[in-house]
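What follows is run21.csv (CSV, C-alpha atoms and all ligand atoms).
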chain,number,residue,atom,x,y,z
A,272,MET,CA,-27.4,-45.4,-51.6
A,273,PHE,CA,-30.1,-42.9,-52.7
A,274,VAL,CA,-33.2,-42.4,-50.6
A,275,LEU,CA,-36.1,-40.3,-52.0
A,276,GLY,CA,-38.7,-38.8,-49.6
A,277,ILE,CA,-42.0,-37.6,-51.0
A,278,GLN,CA,-43.9,-35.2,-48.7
A,279,GLY,CA,-47.6,-35.0,-49.5
A,280,SER,CA,-49.1,-32.5,-47.0
A,281,PRO,CA,-49.9,-28.9,-47.9
A,282,ARG,CA,-49.5,-27.9,-44.2
A,283,LYS,CA,-46.0,-26.4,-44.0
A,284,LYS,CA,-45.1,-27.3,-40.4
A,285,GLY,CA,-47.6,-30.1,-40.1
A,286,ASN,CA,-47.4,-33.7,-38.8
A,287,THR,CA,-46.4,-35.3,-42.1
A,288,ASN,CA,-43.5,-33.0,-42.5
A,289,TYR,CA,-42.3,-33.8,-39.0
A,290,LEU,CA,-42.7,-37.5,-39.6
A,291,LEU,CA,-40.8,-37.6,-42.9
A,292,GLN,CA,-38.1,-35.2,-41.7
A,293,ALA,CA,-37.5,-37.5,-38.7
A,294,PHE,CA,-37.3,-40.5,-41.0
A,295,MET,CA,-34.9,-38.8,-43.4
A,296,ASP,CA,-32.7,-37.6,-40.6
A,297,GLU,CA,-32.4,-41.1,-39.4
A,298,ALA,CA,-31.7,-42.3,-43.0
A,299,LYS,CA,-28.9,-39.8,-43.2
A,300,LYS,CA,-27.1,-41.6,-40.4
A,301,TYR,CA,-26.5,-44.4,-42.9
A,302,ASP,CA,-24.3,-44.1,-46.0
A,303,THR,CA,-27.0,-42.3,-48.0
A,304,GLN,CA,-27.6,-39.5,-50.5
A,305,THR,CA,-31.1,-38.1,-49.9
A,306,ALA,CA,-33.6,-35.9,-51.7
A,307,LEU,CA,-37.0,-34.6,-50.7
A,308,ILE,CA,-39.9,-33.8,-53.0
A,309,GLU,CA,-42.4,-31.4,-51.5
A,310,VAL,CA,-45.3,-32.2,-53.8
A,311,THR,CA,-47.2,-29.0,-53.0
A,312,LYS,CA,-44.3,-27.0,-54.3
A,313,LYS,CA,-44.1,-28.9,-57.6
A,314,LYS,CA,-46.0,-28.5,-60.8
A,315,ILE,CA,-47.6,-31.9,-61.3
A,316,VAL,CA,-50.3,-32.1,-63.9
A,317,PRO,CA,-52.9,-34.8,-63.0
A,318,CYS,CA,-53.1,-37.8,-65.3
A,319,LEU,CA,-55.3,-37.1,-68.3
A,320,GLY,CA,-56.3,-40.7,-68.8
A,321,CYS,CA,-55.5,-40.3,-72.5
A,322,GLY,CA,-53.8,-43.7,-72.9
A,323,TYR,CA,-50.7,-42.0,-74.6
A,324,CYS,CA,-48.3,-43.7,-72.2
A,325,GLU,CA,-49.7,-47.1,-73.0
A,326,LYS,CA,-49.0,-46.5,-76.7
A,327,LYS,CA,-45.8,-44.5,-76.5
A,328,GLY,CA,-44.2,-45.5,-73.2
A,329,HIS,CA,-44.0,-42.0,-71.8
A,330,CYS,CA,-46.5,-39.3,-70.6
A,331,ILE,CA,-48.0,-36.8,-73.1
A,332,THR,CA,-47.4,-34.1,-70.5
A,333,GLN,CA,-43.8,-33.0,-70.8
A,334,ASP,CA,-43.8,-29.5,-69.4
A,335,ASP,CA,-44.1,-30.2,-65.7
A,336,ASP,CA,-41.9,-31.5,-62.8
A,337,MET,CA,-42.8,-35.1,-63.4
A,338,ALA,CA,-41.2,-35.1,-66.8
A,339,GLY,CA,-38.5,-32.6,-65.6
A,340,GLU,CA,-37.2,-34.4,-62.6
A,341,ILE,CA,-39.6,-36.7,-60.7
A,342,TYR,CA,-39.6,-39.8,-63.0
A,343,ALA,CA,-35.8,-39.7,-63.0
A,344,LEU,CA,-35.6,-39.4,-59.2
A,345,LEU,CA,-38.0,-42.4,-58.8
A,346,ARG,CA,-35.8,-44.4,-61.2
A,347,LYS,CA,-32.6,-43.4,-59.4
A,348,ALA,CA,-33.8,-44.2,-55.9
A,349,ASP,CA,-32.8,-47.3,-54.0
A,350,ALA,CA,-35.6,-46.5,-51.5
A,351,VAL,CA,-38.7,-44.4,-52.0
A,352,VAL,CA,-40.5,-43.1,-48.9
A,353,ILE,CA,-44.0,-41.6,-49.4
A,354,ALA,CA,-45.5,-39.6,-46.5
A,355,SER,CA,-49.1,-38.3,-46.4
A,356,PRO,CA,-51.8,-37.3,-43.9
A,357,ILE,CA,-55.0,-39.2,-44.3
A,358,TYR,CA,-57.5,-37.1,-46.3
A,359,PHE,CA,-60.8,-39.0,-46.7
A,360,TYR,CA,-59.2,-42.3,-46.1
A,361,ASN,CA,-56.5,-41.8,-48.6
A,362,VAL,CA,-53.4,-39.7,-49.5
A,363,THR,CA,-53.8,-36.0,-50.4
A,364,SER,CA,-54.8,-35.0,-53.9
A,365,GLN,CA,-51.3,-33.4,-54.5
A,366,ILE,CA,-49.5,-36.7,-53.8
A,367,LYS,CA,-52.2,-38.6,-55.6
A,368,ALA,CA,-51.4,-36.7,-58.8
A,369,LEU,CA,-47.8,-37.9,-58.6
A,370,ILE,CA,-49.0,-41.4,-57.9
A,371,ASP,CA,-51.4,-41.4,-60.9
A,372,ARG,CA,-48.7,-40.1,-63.2
A,373,SER,CA,-46.6,-43.2,-62.3
A,374,GLN,CA,-49.0,-44.9,-64.8
A,375,ALA,CA,-46.3,-44.1,-67.4
A,376,LEU,CA,-43.9,-46.4,-65.4
A,377,TRP,CA,-46.7,-49.0,-65.1
A,378,ALA,CA,-47.1,-48.9,-68.9
A,379,ARG,CA,-43.4,-49.4,-69.5
A,380,LYS,CA,-43.5,-52.4,-67.2
A,381,TYR,CA,-46.8,-54.1,-68.1
A,382,LYS,CA,-47.6,-52.9,-71.6
A,383,PHE,CA,-44.1,-52.8,-73.0
A,384,GLY,CA,-42.7,-55.6,-70.9
A,385,LEU,CA,-39.6,-53.6,-70.0
A,386,THR,CA,-37.5,-54.2,-66.8
A,387,ASP,CA,-36.2,-51.3,-64.9
A,388,PRO,CA,-32.9,-52.7,-63.7
A,389,ALA,CA,-33.4,-51.5,-60.1
A,390,ARG,CA,-36.7,-53.3,-59.9
A,391,ASN,CA,-35.1,-56.3,-58.2
A,392,TYR,CA,-33.9,-54.4,-55.2
A,393,ARG,CA,-35.7,-51.0,-54.8
A,394,GLN,CA,-37.7,-50.6,-51.6
A,395,GLY,CA,-40.8,-48.6,-50.9
A,396,PHE,CA,-41.9,-47.4,-47.4
A,397,LEU,CA,-45.1,-45.6,-46.4
A,398,LEU,CA,-45.6,-43.0,-43.6
A,399,ALA,CA,-49.1,-41.9,-42.8
A,400,GLN,CA,-51.1,-40.4,-40.0
A,401,GLY,CA,-54.7,-39.2,-39.4
A,402,ALA,CA,-56.9,-37.6,-36.8
A,403,THR,CA,-59.3,-40.4,-36.1
A,404,ARG,CA,-58.8,-43.9,-34.7
A,405,GLY,CA,-61.0,-46.3,-36.7
A,406,LYS,CA,-59.6,-49.6,-37.7
A,407,ASN,CA,-59.9,-49.0,-41.4
A,408,LEU,CA,-58.1,-45.6,-41.3
A,409,PHE,CA,-55.1,-46.8,-43.3
A,410,VAL,CA,-56.8,-49.4,-45.6
A,411,GLY,CA,-57.1,-47.0,-48.5
A,412,VAL,CA,-53.6,-45.5,-48.3
A,413,ASP,CA,-52.1,-49.0,-47.8
A,414,LEU,CA,-53.7,-50.2,-51.1
A,415,THR,CA,-52.7,-47.1,-53.0
A,416,ALA,CA,-49.1,-47.4,-51.7
A,417,LYS,CA,-49.0,-51.1,-52.6
A,418,TYR,CA,-49.9,-50.4,-56.3
A,419,PHE,CA,-47.8,-47.3,-56.5
A,420,PHE,CA,-44.7,-49.2,-55.4
A,421,ASP,CA,-45.5,-52.0,-57.8
A,422,ALA,CA,-45.8,-49.4,-60.7
A,423,ILE,CA,-42.4,-47.8,-59.9
A,424,GLY,CA,-40.6,-51.1,-59.4
A,425,ALA,CA,-40.3,-51.2,-55.6
A,426,ARG,CA,-41.0,-53.8,-53.0
A,427,PHE,CA,-43.4,-52.6,-50.3
A,428,ASN,CA,-41.0,-52.9,-47.4
A,429,GLY,CA,-43.3,-51.6,-44.6
A,430,SER,CA,-45.1,-48.7,-43.1
A,431,LEU,CA,-45.4,-46.5,-40.0
A,432,THR,CA,-49.0,-45.3,-39.4
A,433,TYR,CA,-50.3,-43.2,-36.5
A,434,ARG,CA,-53.9,-42.6,-35.4
A,435,ARG,CA,-55.2,-39.6,-33.4
A,436,ILE,CA,-52.8,-37.1,-34.9
A,437,GLU,CA,-54.6,-34.0,-35.8
A,438,ASN,CA,-53.1,-30.6,-34.9
A,439,PRO,CA,-49.6,-29.4,-35.8
A,440,GLY,CA,-47.2,-30.6,-33.1
A,441,ASP,CA,-49.2,-33.8,-32.3
A,442,MET,CA,-46.8,-36.1,-34.2
A,443,ALA,CA,-43.7,-34.6,-32.4
A,444,LYS,CA,-45.3,-35.6,-29.1
A,445,HIS,CA,-45.9,-39.2,-30.0
A,446,PRO,CA,-44.1,-41.3,-27.4
A,447,THR,CA,-42.7,-44.1,-29.6
A,448,LEU,CA,-42.1,-42.2,-32.8
A,449,HIS,CA,-38.3,-42.0,-32.7
A,450,LYS,CA,-37.9,-45.6,-31.6
A,451,ASP,CA,-40.2,-46.7,-34.4
A,452,ILE,CA,-38.3,-44.7,-36.9
A,453,LYS,CA,-34.9,-46.0,-35.8
A,454,GLU,CA,-36.1,-49.6,-36.2
A,455,ALA,CA,-37.9,-49.0,-39.5
A,456,VAL,CA,-34.9,-47.3,-41.1
A,457,LYS,CA,-32.6,-50.0,-39.9
A,458,GLY,CA,-34.8,-52.6,-41.5
A,459,LEU,CA,-35.1,-50.6,-44.7
A,460,LEU,CA,-31.5,-49.5,-45.2
A,461,SER,CA,-29.1,-51.9,-43.4
A,462,PRO,CA,-29.4,-54.6,-46.2
A,463,PHE,CA,-28.0,-51.9,-48.6
A,464,MET,CA,-25.0,-51.2,-46.4
A,465,LYS,CA,-23.5,-54.5,-47.3
A,466,ARG,CA,-23.2,-53.8,-51.0
A,467,LYS,CA,-19.8,-53.4,-52.7
A,468,LYS,CA,-19.5,-50.3,-54.9
A,469,VAL,CA,-18.6,-50.2,-58.5
A,470,LEU,CA,-18.3,-47.1,-60.8
A,471,PHE,CA,-18.3,-47.6,-64.5
A,472,ALA,CA,-16.6,-44.7,-66.4
A,473,CYS,CA,-16.2,-43.6,-69.9
A,474,ARG,CA,-15.9,-40.3,-71.6
A,475,GLU,CA,-19.4,-39.2,-72.5
A,476,ASN,CA,-21.4,-41.5,-70.0
A,477,ALA,CA,-23.9,-42.0,-72.8
A,478,CYS,CA,-23.4,-45.6,-74.0
A,479,ARG,CA,-20.9,-48.1,-72.6
A,480,SER,CA,-20.8,-47.1,-69.0
A,481,GLN,CA,-24.6,-46.8,-68.9
A,482,MET,CA,-25.0,-50.3,-70.3
A,483,ALA,CA,-22.5,-51.7,-67.9
A,484,ALA,CA,-24.2,-50.0,-64.9
A,485,ALA,CA,-27.7,-51.2,-66.0
A,486,PHE,CA,-26.6,-54.8,-66.5
A,487,THR,CA,-24.9,-54.9,-63.1
A,488,GLN,CA,-27.9,-53.4,-61.4
A,489,TYR,CA,-30.1,-55.9,-63.1
A,490,LEU,CA,-27.9,-58.9,-62.2
A,491,ALA,CA,-26.7,-58.0,-58.7
A,492,GLY,CA,-28.0,-54.6,-57.6
A,493,ASP,CA,-28.9,-56.0,-54.2
A,494,LYS,CA,-25.3,-56.9,-53.7
A,495,ILE,CA,-23.4,-54.3,-55.7
A,496,GLU,CA,-24.1,-50.6,-55.6
A,497,VAL,CA,-23.5,-49.2,-59.0
A,498,ALA,CA,-23.0,-45.8,-60.6
A,499,SER,CA,-21.8,-44.6,-64.0
A,500,ALA,CA,-20.2,-41.4,-65.1
A,501,GLY,CA,-18.1,-39.7,-67.7
A,502,SER,CA,-15.0,-37.5,-67.8
A,503,GLU,CA,-16.8,-35.3,-70.3
A,504,PRO,CA,-20.5,-36.2,-70.0
A,505,ILE,CA,-22.8,-35.2,-72.8
A,506,GLU,CA,-26.3,-33.9,-72.3
A,507,LYS,CA,-28.3,-37.1,-73.0
A,508,ILE,CA,-27.8,-40.8,-73.2
A,509,ASN,CA,-27.5,-42.3,-76.7
A,510,PRO,CA,-30.9,-43.3,-78.3
A,511,ASP,CA,-29.4,-46.3,-80.1
A,512,MET,CA,-28.0,-47.6,-76.8
A,513,VAL,CA,-31.5,-47.2,-75.3
A,514,GLU,CA,-32.9,-49.2,-78.3
A,515,VAL,CA,-30.4,-52.1,-78.1
A,516,MET,CA,-30.9,-52.4,-74.3
A,517,GLN,CA,-34.7,-52.5,-74.9
A,518,GLU,CA,-34.1,-55.4,-77.2
A,519,LYS,CA,-32.8,-57.2,-74.1
A,520,GLY,CA,-35.9,-56.1,-72.1
A,521,ILE,CA,-33.9,-53.6,-70.1
A,522,ASP,CA,-35.4,-50.1,-69.6
A,523,MET,CA,-33.0,-47.2,-69.8
A,524,ALA,CA,-35.6,-44.5,-69.7
A,525,PHE,CA,-35.0,-41.5,-67.5
A,526,ARG,CA,-31.3,-42.1,-67.0
A,527,LYS,CA,-29.0,-39.1,-66.9
A,528,THR,CA,-25.3,-38.6,-67.6
A,529,ARG,CA,-23.1,-37.2,-64.8
A,530,PHE,CA,-19.6,-36.1,-64.1
A,531,LEU,CA,-16.9,-38.5,-63.0
A,532,ASN,CA,-15.6,-36.5,-60.1
A,533,GLN,CA,-19.0,-36.0,-58.6
A,534,ALA,CA,-19.8,-39.7,-58.9
A,535,ILE,CA,-16.5,-40.7,-57.3
A,536,SER,CA,-17.1,-38.4,-54.3
A,537,GLU,CA,-20.7,-39.5,-53.8
A,538,LEU,CA,-20.2,-43.3,-54.3
A,539,GLN,CA,-16.7,-43.7,-53.0
A,540,PRO,CA,-16.3,-46.8,-55.1
A,541,ASP,CA,-14.3,-49.9,-54.3
A,542,ILE,CA,-13.7,-50.5,-58.0
A,543,ILE,CA,-13.7,-48.2,-61.0
A,544,VAL,CA,-14.1,-50.0,-64.4
A,545,THR,CA,-13.1,-47.8,-67.3
A,546,MET,CA,-14.5,-48.7,-70.8
A,547,GLY,CA,-11.3,-47.9,-72.7
A,548,CYS,CA,-10.2,-44.5,-71.4
A,549,SER,CA,-8.4,-45.4,-68.2
A,550,GLU,CA,-5.9,-42.5,-68.7
A,551,GLU,CA,-8.8,-40.0,-68.1
A,552,CYS,CA,-9.7,-41.6,-64.8
A,553,PRO,CA,-8.0,-40.1,-61.6
A,554,VAL,CA,-5.9,-42.5,-59.6
A,555,ILE,CA,-7.4,-42.9,-56.2
A,556,PRO,CA,-5.6,-44.6,-53.3
A,557,ASP,CA,-7.1,-48.0,-52.4
A,558,VAL,CA,-9.4,-48.0,-55.4
A,559,GLN,CA,-8.9,-50.8,-57.8
A,560,ILE,CA,-9.1,-49.7,-61.5
A,561,GLN,CA,-9.9,-52.2,-64.3
A,562,ASP,CA,-10.0,-51.2,-68.0
A,563,TRP,CA,-12.2,-53.1,-70.4
A,564,ASP,CA,-10.7,-51.5,-73.5
A,565,LEU,CA,-14.0,-51.4,-75.4
A,566,SER,CA,-14.4,-49.5,-78.7
A,567,ASP,CA,-16.8,-46.5,-78.5
A,568,PRO,CA,-20.0,-47.4,-80.3
A,569,ALA,CA,-21.2,-43.8,-80.5
A,570,GLY,CA,-21.8,-42.7,-84.1
A,571,LYS,CA,-21.3,-46.2,-85.5
A,572,SER,CA,-23.9,-48.6,-86.7
A,573,ILE,CA,-26.6,-50.1,-84.5
A,574,GLU,CA,-25.2,-53.5,-85.2
A,575,PHE,CA,-21.9,-52.4,-83.7
A,576,MET,CA,-23.8,-51.0,-80.7
A,577,ARG,CA,-25.3,-54.5,-80.3
A,578,THR,CA,-21.9,-56.2,-80.4
A,579,VAL,CA,-20.6,-53.8,-77.7
A,580,ARG,CA,-23.8,-54.4,-75.6
A,581,ASP,CA,-23.2,-58.2,-75.7
A,582,GLU,CA,-19.6,-57.9,-74.9
A,583,ILE,CA,-20.5,-55.7,-71.9
A,584,GLU,CA,-23.1,-58.1,-70.7
A,585,ASN,CA,-20.6,-61.0,-70.7
A,586,ARG,CA,-18.0,-58.9,-68.9
A,587,VAL,CA,-20.5,-57.8,-66.3
A,588,LYS,CA,-21.5,-61.4,-65.6
A,589,ASP,CA,-17.8,-62.2,-65.0
A,590,LEU,CA,-17.3,-59.2,-62.8
A,591,VAL,CA,-20.4,-60.0,-60.8
A,592,LYS,CA,-19.2,-63.6,-60.3
A,593,SER,CA,-15.8,-62.4,-59.2
A,594,MET,CA,-17.3,-59.9,-56.7
A,595,VAL,CA,-20.2,-61.7,-55.2
A,596,GLY,CA,-20.0,-65.3,-56.5
B,1,LIG,C1,-59.3,-32.4,-46.3
B,1,LIG,C2,-59.0,-33.2,-45.1
B,1,LIG,C3,-59.5,-34.5,-45.0
B,1,LIG,C4,-59.2,-35.2,-43.9
B,1,LIG,N1,-59.7,-36.5,-43.8
B,1,LIG,C5,-59.4,-37.3,-42.7
B,1,LIG,C6,-59.9,-38.6,-42.6
B,1,LIG,O1,-60.5,-39.1,-43.5
B,1,LIG,N2,-59.6,-39.3,-41.5
B,1,LIG,C7,-58.8,-38.8,-40.5
B,1,LIG,O2,-58.6,-39.5,-39.5
B,1,LIG,N3,-58.3,-37.5,-40.6
B,1,LIG,C8,-58.6,-36.8,-41.7
B,1,LIG,N4,-58.1,-35.5,-41.7
B,1,LIG,C9,-57.2,-35.0,-40.7
B,1,LIG,C10,-55.7,-35.0,-41.0
B,1,LIG,O3,-55.4,-36.3,-41.5
B,1,LIG,C11,-54.9,-34.7,-39.8
B,1,LIG,O4,-55.2,-33.5,-39.3
B,1,LIG,C12,-53.4,-34.8,-40.1
B,1,LIG,O5,-52.7,-34.8,-38.8
B,1,LIG,C13,-52.9,-33.7,-40.9
B,1,LIG,O6,-51.6,-33.9,-41.2
B,1,LIG,P1,-50.6,-32.7,-41.6
B,1,LIG,O7,-50.3,-31.8,-40.4
B,1,LIG,O8,-49.3,-33.3,-42.1
B,1,LIG,O9,-51.2,-31.9,-42.7
B,1,LIG,C14,-58.4,-34.7,-42.8
B,1,LIG,C15,-58.0,-33.4,-42.9
B,1,LIG,C16,-58.3,-32.6,-44.0
B,1,LIG,C17,-57.8,-31.2,-44.1
Can you present the structure in this file as C-alpha cells?
Amino acid sequence: MFVLGIQGSPRKKGNTNYLLQAFMDEAKKYDTQTALIEVTKKKIVPCLGCGYCEKKGHCITQDDDMAGEIYALLRKADAVVIASPIYFYNVTSQIKALIDRSQALWARKYKFGLTDPARNYRQGFLLAQGATRGKNLFVGVDLTAKYFFDAIGARFNGSLTYRRIENPGDMAKHPTLHKDIKEAVKGLLSPFMKRKKVLFACRENACRSQMAAAFTQYLAGDKIEVASAGSEPIEKINPDMVEVMQEKGIDMAFRKTRFLNQAISELQPDIIVTMGCSEECPVIPDVQIQDWDLSDPAGKSIEFMRTVRDEIENRVKDLVKSMVG
C-alpha cells in the first residue's frame, strides 16, 4: 500500500511538519510504502486558467514537478494525506498551487469521462491546524480538501484539525495528538491490510501487464492490491495501449514502468501472473505463479491490441472471481 503525504507549510520545523511526520510515522507501522512531498521545495507553477487541460486532458505546463512527478504520485497513491497550516482560513498558497493544478485530473474525469482505476478505493485525509479558535476556522480548508480529493479520485476519509496552535512546538505539546493519530491511521489504513496481493509481469511492462493491473484495480482494487512490472522495462508505457484502454473508459495516464525485482520486494505478492514469459520470472517460495500465455501486442496493429485487451479483461474477471468471489 502506498501512502503519499503532502506537507504545505513553509516553516521548516513548524507545526504542520510535526503533525504530518507523526501521521506518516504511524502509517509506517502498517504494511506501507510512503512518500512525502514538501511543496515548498518543489517547483509548482500555479494554474494558468488557460483551459488547455479541458481540451487536451493534460496541463500545458510540462517543465515543473507536477508534470515530472506529482501527478504520477497522486495516481499511484492508495491514500493521500494533505497537511497545511491555516492561512487566512485556507491552505497555504504553495499547497494551493498543487491543488489548483489537479484541475488536469478533474478534466480527465469530468470533461473526458475517464476513470482512474484507483478511484474506487483511494482515500484522502486532511491534517490542519491554526492559531485561533473560531468555529469557522476549518470551513474553508475542509471545502478545498473535499473538492481536491474528488478531483484526484479519492474519498474524503476524514480529518484531524487543531485550534490554538501557533508557535513552533505547540503541536508537539497537544495532549491528545498521538492518540488521535493512532485512531485515524487505523481507520484509514486497516481496510487496505486485508487485500490479497497480485503482481502482473511481462517483459517491457508497457502493455499487457499494465492493462491487467488496471482492470484488476478497477474491478477489485479495494480487495486486491495490484502492481505490474517487467523483467526489462522500457521507458514509457505504450500509447496504443493507452488508447484502447481509453476506449473502455479506463484512464492510464501518468503510469510508469518498473523493474520486476523491485516490485516483488515492495509488494511481496501472493500471486504472480505472467503474460507469456514465465521463464523470466524468478521462482519465489510460497508464491503462486500463473502464466496467461498472451501474445505481445507491441508493434502490431491497434486491432490486435484491442483483442489482447479484451482477452485480458476476461481473464482478470475470472481471476478476481477466483480470489475474492
Ligand atoms: C500568512 C499567515 C496567515 C495566517 N492565517 C491564519 C488564520 O487565518 N487563522 C488562524 O487561526 N491562524 C492563522 N495563521 C497562523 C498559523 O496557522 C499558525 O501559526 C500555524 O501553527 C502555523 O503552522 P506551521 O508551524 O506549520 O507553519 C496564519 C499565519 C500566517 C503566517
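The shortest atom-to-atom distance to Ala338 in chain A, with all atoms listed in the file taken into account, belongs to A:Lys314 out of A:Lys326, A:Arg390, A:Lys314, A:Lys444.
Compared by their closest atoms to Gly501 in chain A, and using only C-alpha atoms, the residues A:Phe273, A:Tyr360, A:Phe530, A:Trp563 rank with A:Phe530 nearest.
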Query raised in the report: Can you tell me which residues sit at most 10 Å away from ligand LIG 1 (chain B), counting all atoms listed in the file, written as JSON, numbers by chain?
Result: {"A": [278, 279, 280, 281, 282, 283, 284, 285, 286, 287, 288, 289, 290, 291, 354, 355, 356, 357, 358, 359, 360, 361, 362, 363, 364, 399, 400, 401, 402, 403, 404, 405, 407, 408, 409, 411, 433, 434, 435, 436, 437, 438, 439, 440, 441, 442]}
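Between Ala293 in chain A and the candidates A:Arg379, A:Phe427, A:Phe396, A:Ala443, the tightest atom-to-atom separation, counting only C-alpha atoms, involves A:Ala443.
The space between CA of Val558 in chain A and CA of Arg346 in chain A spans 27.3 Å.
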Kindly compute an axis-aligned box around the listed atoms of range 299-303 of chain A, allowing 5 Å on each side, and express its centre and edge lengths in Å to one decimal as AutoDock Vina command-line options.
--center_x -26.6 --center_y -42.1 --center_z -44.2 --size_x 14.6 --size_y 14.6 --size_z 17.6
Can you patch up range 390-405 of chain A, filling it in to N, CA, C and O atoms, and show the result as a compact mmCIF listing (two decimals), keeping the file's coordinate frame?
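selection-v2.txt, freshly written:
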# COMPACT_ATOMS: atom_id res chain seq x y z
N ARG A 390 -35.48 -52.67 -60.36
CA ARG A 390 -36.70 -53.30 -59.90
C ARG A 390 -36.48 -54.42 -58.89
O ARG A 390 -37.27 -54.69 -58.00
N ASN A 391 -35.35 -55.09 -59.07
CA ASN A 391 -35.10 -56.30 -58.20
C ASN A 391 -34.73 -55.93 -56.80
O ASN A 391 -34.74 -56.82 -55.95
N TYR A 392 -34.38 -54.70 -56.54
CA TYR A 392 -33.90 -54.40 -55.20
C TYR A 392 -34.54 -53.11 -54.57
O TYR A 392 -34.45 -52.89 -53.37
N ARG A 393 -35.15 -52.25 -55.38
CA ARG A 393 -35.70 -51.00 -54.80
C ARG A 393 -36.75 -51.26 -53.78
O ARG A 393 -37.56 -52.16 -53.93
N GLN A 394 -36.74 -50.45 -52.71
CA GLN A 394 -37.70 -50.60 -51.60
C GLN A 394 -38.61 -49.43 -51.49
O GLN A 394 -38.19 -48.30 -51.75
N GLY A 395 -39.85 -49.70 -51.09
CA GLY A 395 -40.80 -48.60 -50.90
C GLY A 395 -41.27 -48.63 -49.41
O GLY A 395 -41.43 -49.70 -48.81
N PHE A 396 -41.46 -47.45 -48.84
CA PHE A 396 -41.90 -47.40 -47.40
C PHE A 396 -42.99 -46.28 -47.34
O PHE A 396 -42.90 -45.23 -47.98
N LEU A 397 -44.02 -46.55 -46.53
CA LEU A 397 -45.10 -45.60 -46.40
C LEU A 397 -45.18 -45.01 -44.96
O LEU A 397 -45.06 -45.75 -43.97
N LEU A 398 -45.35 -43.70 -44.90
CA LEU A 398 -45.60 -43.00 -43.60
C LEU A 398 -46.94 -42.32 -43.73
O LEU A 398 -47.18 -41.58 -44.70
N ALA A 399 -47.82 -42.55 -42.77
CA ALA A 399 -49.10 -41.90 -42.80
C ALA A 399 -49.66 -41.67 -41.41
O ALA A 399 -49.33 -42.41 -40.48
N GLN A 400 -50.46 -40.63 -41.28
CA GLN A 400 -51.10 -40.40 -40.00
C GLN A 400 -52.41 -39.62 -40.23
O GLN A 400 -52.59 -38.97 -41.26
N GLY A 401 -53.35 -39.80 -39.28
CA GLY A 401 -54.70 -39.20 -39.40
C GLY A 401 -55.27 -38.88 -38.06
O GLY A 401 -54.79 -39.38 -37.02
N ALA A 402 -56.36 -38.13 -38.07
CA ALA A 402 -56.90 -37.60 -36.80
C ALA A 402 -57.75 -38.65 -36.05
O ALA A 402 -57.79 -38.63 -34.83
N THR A 403 -58.40 -39.56 -36.75
CA THR A 403 -59.30 -40.40 -36.10
C THR A 403 -58.68 -41.77 -35.69
O THR A 403 -57.47 -41.92 -35.83
N ARG A 404 -59.50 -42.72 -35.21
CA ARG A 404 -58.80 -43.90 -34.70
C ARG A 404 -59.49 -45.22 -35.23
O ARG A 404 -59.24 -46.31 -34.69
N GLY A 405 -60.33 -45.10 -36.26
CA GLY A 405 -61.00 -46.30 -36.70
C GLY A 405 -60.07 -47.34 -37.30
O GLY A 405 -58.98 -47.01 -37.76
